[in-house]
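*Asks:* So that you have it, the file is data_10.txt, and it contains compact mmCIF, C-alpha atoms:
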```txt
# COMPACT_ATOMS: atom_id res chain seq x y z
CA MET A 1 115.42 -6.17 122.51
CA GLY A 2 114.38 -8.02 119.35
CA SER A 3 115.21 -7.20 115.80
CA PHE A 4 113.30 -4.65 113.76
CA SER A 5 110.45 -6.44 111.98
CA ILE A 6 109.04 -5.44 108.62
CA TRP A 7 106.13 -3.83 110.50
CA HIS A 8 108.52 -1.59 112.42
CA TRP A 9 110.07 -0.51 109.13
CA ALA A 10 106.61 0.10 107.67
CA ILE A 11 105.78 2.38 110.61
CA VAL A 12 109.09 4.23 110.23
CA LEU A 13 108.44 4.57 106.50
CA LEU A 14 104.97 5.94 107.20
CA LEU A 15 106.18 8.39 109.88
CA ILE A 16 109.04 9.69 107.76
CA GLY A 17 107.67 9.00 104.29
CA ALA A 18 104.35 10.80 104.79
CA PRO A 19 105.94 14.22 105.50
CA VAL A 20 108.37 13.69 102.62
CA PHE A 21 105.48 12.80 100.29
CA PHE A 22 103.61 15.95 101.27
CA ALA A 23 106.81 18.00 100.90
CA VAL A 24 107.26 16.76 97.34
CA ARG A 25 103.58 17.32 96.62
CA SER A 26 103.64 20.87 97.99
CA ALA A 27 106.86 21.61 96.10
CA THR A 28 105.04 21.07 92.81
CA LYS A 29 102.14 23.39 93.69
CA PRO A 30 102.55 26.93 92.43
CA SER A 31 103.17 29.46 95.19
CA GLN A 32 101.43 32.82 95.50
CA ASN A 33 104.79 34.59 95.34
CA PRO A 34 107.61 32.19 94.33
CA GLU A 35 110.35 34.82 94.75
CA THR A 36 109.77 34.87 98.51
CA LEU A 37 110.54 31.16 98.85
CA VAL A 38 114.23 31.45 99.68
CA GLY A 39 116.36 30.03 102.46
CA ILE A 40 116.33 27.00 104.68
CA GLY A 41 112.70 26.96 105.75
CA GLY A 42 109.50 25.05 105.19
CA TRP A 43 110.04 21.47 104.07
CA LEU A 44 113.66 22.25 103.25
CA MET A 45 114.25 22.65 106.99
CA LEU A 46 113.40 18.96 107.51
CA LEU A 47 115.84 17.99 104.78
CA ALA A 48 118.53 20.24 106.30
CA ILE A 49 118.07 18.64 109.72
CA GLY A 50 118.29 15.17 108.18
CA GLN A 51 121.40 16.09 106.21
CA ALA A 52 123.04 17.57 109.30
CA LEU A 53 122.31 14.36 111.24
CA SER A 54 123.38 11.95 108.48
CA PRO A 55 127.13 12.09 109.26
CA LEU A 56 126.31 11.41 112.91
CA ARG A 57 124.26 8.37 111.86
CA THR A 58 127.23 7.04 109.87
CA LEU A 59 129.50 7.56 112.88
CA LEU A 60 126.95 5.71 115.05
CA VAL A 61 126.99 2.80 112.59
CA LEU A 62 130.78 2.70 112.84
CA GLY A 63 130.67 2.87 116.63
CA SER A 64 127.97 0.23 116.99
CA SER A 65 129.95 -2.09 114.71
CA SER A 66 133.09 -1.97 116.87
CA GLU A 67 132.25 -5.17 118.78
CA GLY A 68 131.70 -7.05 115.52
CA TYR A 69 134.91 -5.57 114.15
CA ASN A 70 136.82 -6.80 117.21
CA GLN A 71 135.51 -10.32 116.61
CA LEU A 72 136.30 -10.14 112.88
CA MET A 73 139.90 -9.15 113.60
CA LEU A 74 140.45 -12.70 114.95
CA VAL A 75 139.15 -14.42 111.78
CA PRO A 76 141.44 -15.15 108.80
CA ASN A 77 141.15 -12.13 106.43
CA GLY A 78 139.03 -10.45 109.09
CA PRO A 79 141.28 -7.40 109.39
CA MET A 80 140.99 -6.90 105.62
CA VAL A 81 137.18 -6.98 105.95
CA VAL A 82 137.22 -4.49 108.82
CA TYR A 83 139.60 -2.05 107.13
CA GLY A 84 137.68 -2.22 103.86
CA GLU A 85 134.31 -1.65 105.50
CA VAL A 86 135.64 1.19 107.64
CA ALA A 87 137.20 2.79 104.54
CA LEU A 88 133.87 2.55 102.68
CA LEU A 89 131.95 4.08 105.58
CA LEU A 90 134.53 6.85 105.99
CA ALA A 91 134.33 7.64 102.26
CA PHE A 92 130.53 7.83 102.56
CA LEU A 93 130.95 10.04 105.64
CA VAL A 94 133.18 12.40 103.66
CA LEU A 95 130.54 12.56 100.90
CA GLN A 96 127.85 13.35 103.50
CA LEU A 97 130.02 16.15 104.90
CA VAL A 98 130.66 17.57 101.41
CA VAL A 99 126.90 17.59 100.76
CA LEU A 100 126.30 19.23 104.15
CA VAL A 101 128.86 21.96 103.45
CA ALA A 102 127.37 22.57 99.98
CA MET A 103 123.95 22.86 101.60
CA LEU A 104 125.14 25.27 104.30
CA ARG A 105 126.97 27.40 101.73
CA ARG A 106 123.84 27.37 99.51
CA SER A 107 125.99 26.10 96.67
CA SER A 108 124.49 25.51 93.26
CA TRP A 109 126.21 22.09 93.43
CA PHE A 110 123.98 20.96 96.30
CA LYS A 111 121.33 19.32 94.12
CA GLN A 112 123.84 17.26 92.15
CA LEU A 113 125.77 16.30 95.27
CA PHE A 114 122.57 15.27 97.06
CA LEU A 115 121.70 13.08 94.06
CA ILE A 116 125.17 11.49 94.16
CA GLN A 117 124.79 10.86 97.89
CA TRP A 118 121.46 9.13 97.21
CA LEU A 119 123.00 6.93 94.51
CA ALA A 120 125.91 6.12 96.84
CA ILE A 121 123.58 4.38 99.31
CA PRO A 122 123.16 1.19 97.25
CA VAL A 123 126.68 1.44 95.85
CA VAL A 124 128.23 1.42 99.34
CA PHE A 125 125.95 -1.46 100.39
CA ILE A 126 126.80 -3.54 97.30
CA LEU A 127 130.54 -2.81 97.51
CA ASP A 128 130.54 -3.69 101.21
CA ALA A 129 128.72 -6.99 100.64
CA ALA A 130 131.01 -7.88 97.73
CA TRP A 131 134.10 -6.95 99.76
CA VAL A 132 133.07 -9.04 102.77
CA SER A 133 132.06 -11.95 100.54
CA ALA A 134 135.34 -11.93 98.61
CA ALA A 135 137.57 -11.42 101.64
CA LEU A 136 135.95 -14.16 103.70
CA GLY A 137 135.36 -16.49 100.76
CA VAL A 138 131.64 -16.89 101.44
CA ALA A 139 128.62 -16.45 99.20
CA VAL A 140 127.04 -12.99 99.06
CA GLY A 141 123.80 -14.61 100.26
CA GLN A 142 125.52 -15.49 103.52
CA VAL A 143 126.66 -11.90 103.94
CA ILE A 144 123.31 -10.27 103.11
CA THR A 145 120.40 -11.38 105.23
CA GLY A 146 116.82 -10.11 105.10
CA GLY A 147 117.39 -7.83 108.06
CA ALA A 148 120.52 -6.36 106.52
CA LEU A 149 118.56 -5.35 103.42
CA ALA A 150 115.80 -3.45 105.21
CA ALA A 151 117.76 -0.42 106.41
CA PRO A 152 119.49 0.43 103.09
CA ILE A 153 116.23 -0.07 101.15
CA VAL A 154 114.27 2.20 103.49
CA SER A 155 117.10 4.75 103.41
CA PHE A 156 117.27 4.62 99.61
CA VAL A 157 113.49 5.01 99.18
CA LEU A 158 113.18 7.88 101.68
CA THR A 159 116.20 9.71 100.33
CA GLY A 160 114.81 9.18 96.83
CA LEU A 161 111.66 11.01 97.87
CA TRP A 162 113.81 13.86 99.15
CA VAL A 163 115.74 13.89 95.86
CA ALA A 164 112.41 14.32 94.06
CA TYR A 165 111.60 17.22 96.38
CA VAL A 166 115.01 18.82 95.80
CA TYR A 167 114.54 18.72 92.03
CA LYS A 168 110.94 20.02 92.08
CA SER A 169 111.02 22.60 94.87
CA VAL A 170 110.88 26.31 94.07
CA ARG A 171 112.47 27.04 97.46
CA VAL A 172 115.42 24.78 96.63
CA ARG A 173 115.81 26.38 93.20
CA ASN A 174 115.75 29.87 94.76
CA THR A 175 118.04 28.98 97.68
CA PHE A 176 120.92 27.05 96.13
CA THR A 177 122.23 29.63 93.69
CA ARG A 178 125.66 30.44 95.07
CA VAL A 179 128.38 29.68 92.56
CA GLY A 180 131.72 28.27 93.71
CA VAL A 181 134.73 30.52 94.30
CA SER A 182 136.51 29.33 91.14
CA ALA A 183 133.44 30.09 89.02
CA GLN A 184 133.16 33.56 90.59
CA ILE A 185 136.82 34.28 89.82
CA ALA A 186 136.42 33.05 86.22
CA SER A 187 133.32 35.20 85.65
CA ALA A 188 135.04 38.27 87.12
CA SER A 189 137.96 38.10 84.68
```
Let me see whether you can do it: turn the structure in this file into structure tokens.
*Replies:*
Amino acid sequence: MGSFSIWHWAIVLLLIGAPVFFAVRSATKPSQNPETLVGIGGWLMLLAIGQALSPLRTLLVLGSSSEGYNQLMLVPNGPMVVYGEVALLLAFLVLQLVVLVAMLRRSSWFKQLFLIQWLAIPVVFILDAAWVSAALGVAVGQVITGGALAAPIVSFVLTGLWVAYVYKSVRVRNTFTRVGVSAQIASAS
């Protein structure tokens, strides 16, 4: 099984990006009755499915990296690389779970948390590359190869399209209105 070429990524981008593009486009069109657009439905259902699967994807990345981690443990400073990368991925996993819970609770914080999760994609990638580079004493260019860049870039672009949808969608605006418990207690007193 060969590596994923740029053409494979282009096909994935087209298959996933096209529905996202149309979701964003339809989110900006005025609805006949905007008040009825509430709940996880329509294009928001695709986003909800993706958000529910995102922690599983992060766990798969961790699991598929275990062989490489085992090899790194034998290299000088390898354990430091492994622990740092695992810590970064676990922190990102926690963020994904927080966003998922906010989405399921229909929290008014969902939009901001989803935006933070989107911005965390390149931050985690950059921190990981810098960590590996520093710990192993190699240039960042040796850590980041062309293939390693493709997945985070595609993920960042596609999630960015979903962020645009989240901030333009009437359904999202009508659905994520639940205020946190502390805000409810403060407003009641």
*Asks:* Taking all atoms listed in the file into account, name the residue in A:Ser107, A:Pro79, A:Val38, A:Gly68 that is nearest to A:Phe176.
*Replies:*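 Ranked by minimum distance to A:Phe176, first place goes to A:Ser107.
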*Asks:* Find, counting only C-alpha atoms, the residue in A:Gln71, A:Val143, A:Val101, A:Asn174 that gets nearest to A:Ala52.
*Replies:*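 Among A:Gln71, A:Val143, A:Val101, A:Asn174, it is A:Val101 that comes nearest to A:Ala52.
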*Asks:* Could you state the separation of atom CA of A:Phe125 and atom CA of A:Pro152 in Å, given to one decimal place?
*Replies:*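 These atoms are spaced 7.3 Å apart.
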*Asks:* Atom CA of A:Arg57 and atom CA of A:Phe110, how far apart in Å?
*Replies:*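 Spanning atom CA of A:Phe110 to atom CA of A:Arg57 is a straight-line distance of 20.0 Å.
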*Asks:* Please measure the separation of atom CA of A:Leu158 and atom CA of A:Leu100, giving the value in Å to one decimal.
*Replies:*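 Straight-line distance from atom CA of A:Leu158 to atom CA of A:Leu100 works out to 17.5 Å.
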*Asks:* Ranking A:Leu104, A:Ile116, A:Leu95, A:Leu46 by minimum distance to A:Gly160 and counting all atoms listed in the file, which one comes first?
*Replies:*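 Looking only at the distances to A:Gly160, the closest residue turns out to be A:Ile116.
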*Asks:* Within 8 Å of A:Glu85, counting all atoms listed in the file, which residues show up once you throw out same-chain ones fewer than 2 positions away? Write them as a PyMOL selection string, please.
*Replies:* chain A and resi 81-83+87-89+128+131-132
*Asks:* Please provide the set of residues having any atom within 10 Å of A:Ile40, restricted to only C-alpha atoms, with same-chain residues fewer than 3 positions apart removed, written as a PyMOL selection string.
*Replies:* chain A and resi 37+43-49+103-104+106+171-172+175-176
*Asks:* May I have the selected residues written with C-alpha atoms, as a short mmCIF file (atom, residue, chain, number, x, y, z; two decimals), keeping the file's coordinate frame?
*Replies:*
```
data_model
loop_
_atom_site.label_atom_id
_atom_site.label_comp_id
_atom_site.auth_asym_id
_atom_site.auth_seq_id
_atom_site.Cartn_x
_atom_site.Cartn_y
_atom_site.Cartn_z
CA LEU A 37 110.54 31.16 98.85
CA TRP A 43 110.04 21.47 104.07
CA LEU A 44 113.66 22.25 103.25
CA MET A 45 114.25 22.65 106.99
CA LEU A 46 113.40 18.96 107.51
CA LEU A 47 115.84 17.99 104.78
CA ALA A 48 118.53 20.24 106.30
CA ILE A 49 118.07 18.64 109.72
CA MET A 103 123.95 22.86 101.60
CA LEU A 104 125.14 25.27 104.30
CA ARG A 106 123.84 27.37 99.51
CA ARG A 171 112.47 27.04 97.46
CA VAL A 172 115.42 24.78 96.63
CA THR A 175 118.04 28.98 97.68
CA PHE A 176 120.92 27.05 96.13
#
```
*Asks:* I need the residue nearest A:Leu53 from this list: A:Ser65, A:Gln117, A:Asn77, A:Gln96. Use all atoms listed in the file for the distance.
*Replies:*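 Looking only at the distances to A:Leu53, the closest residue turns out to be A:Gln96.
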*Asks:* Pick from A:Ala120, A:Ile144, A:Arg105, A:Ala139: nearest to A:Leu93, with only C-alpha atoms counted?
*Replies:*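 Of the candidates, the smallest distance to A:Leu93 is held by A:Ala120.
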*Asks:* So which one's closest to A:Arg178, A:Leu149, A:Leu56, A:Ala102, A:Ile121? Using all atoms listed in the file, please.
*Replies:*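 Counting all atoms listed in the file, the residue closest to A:Arg178 is A:Ala102.
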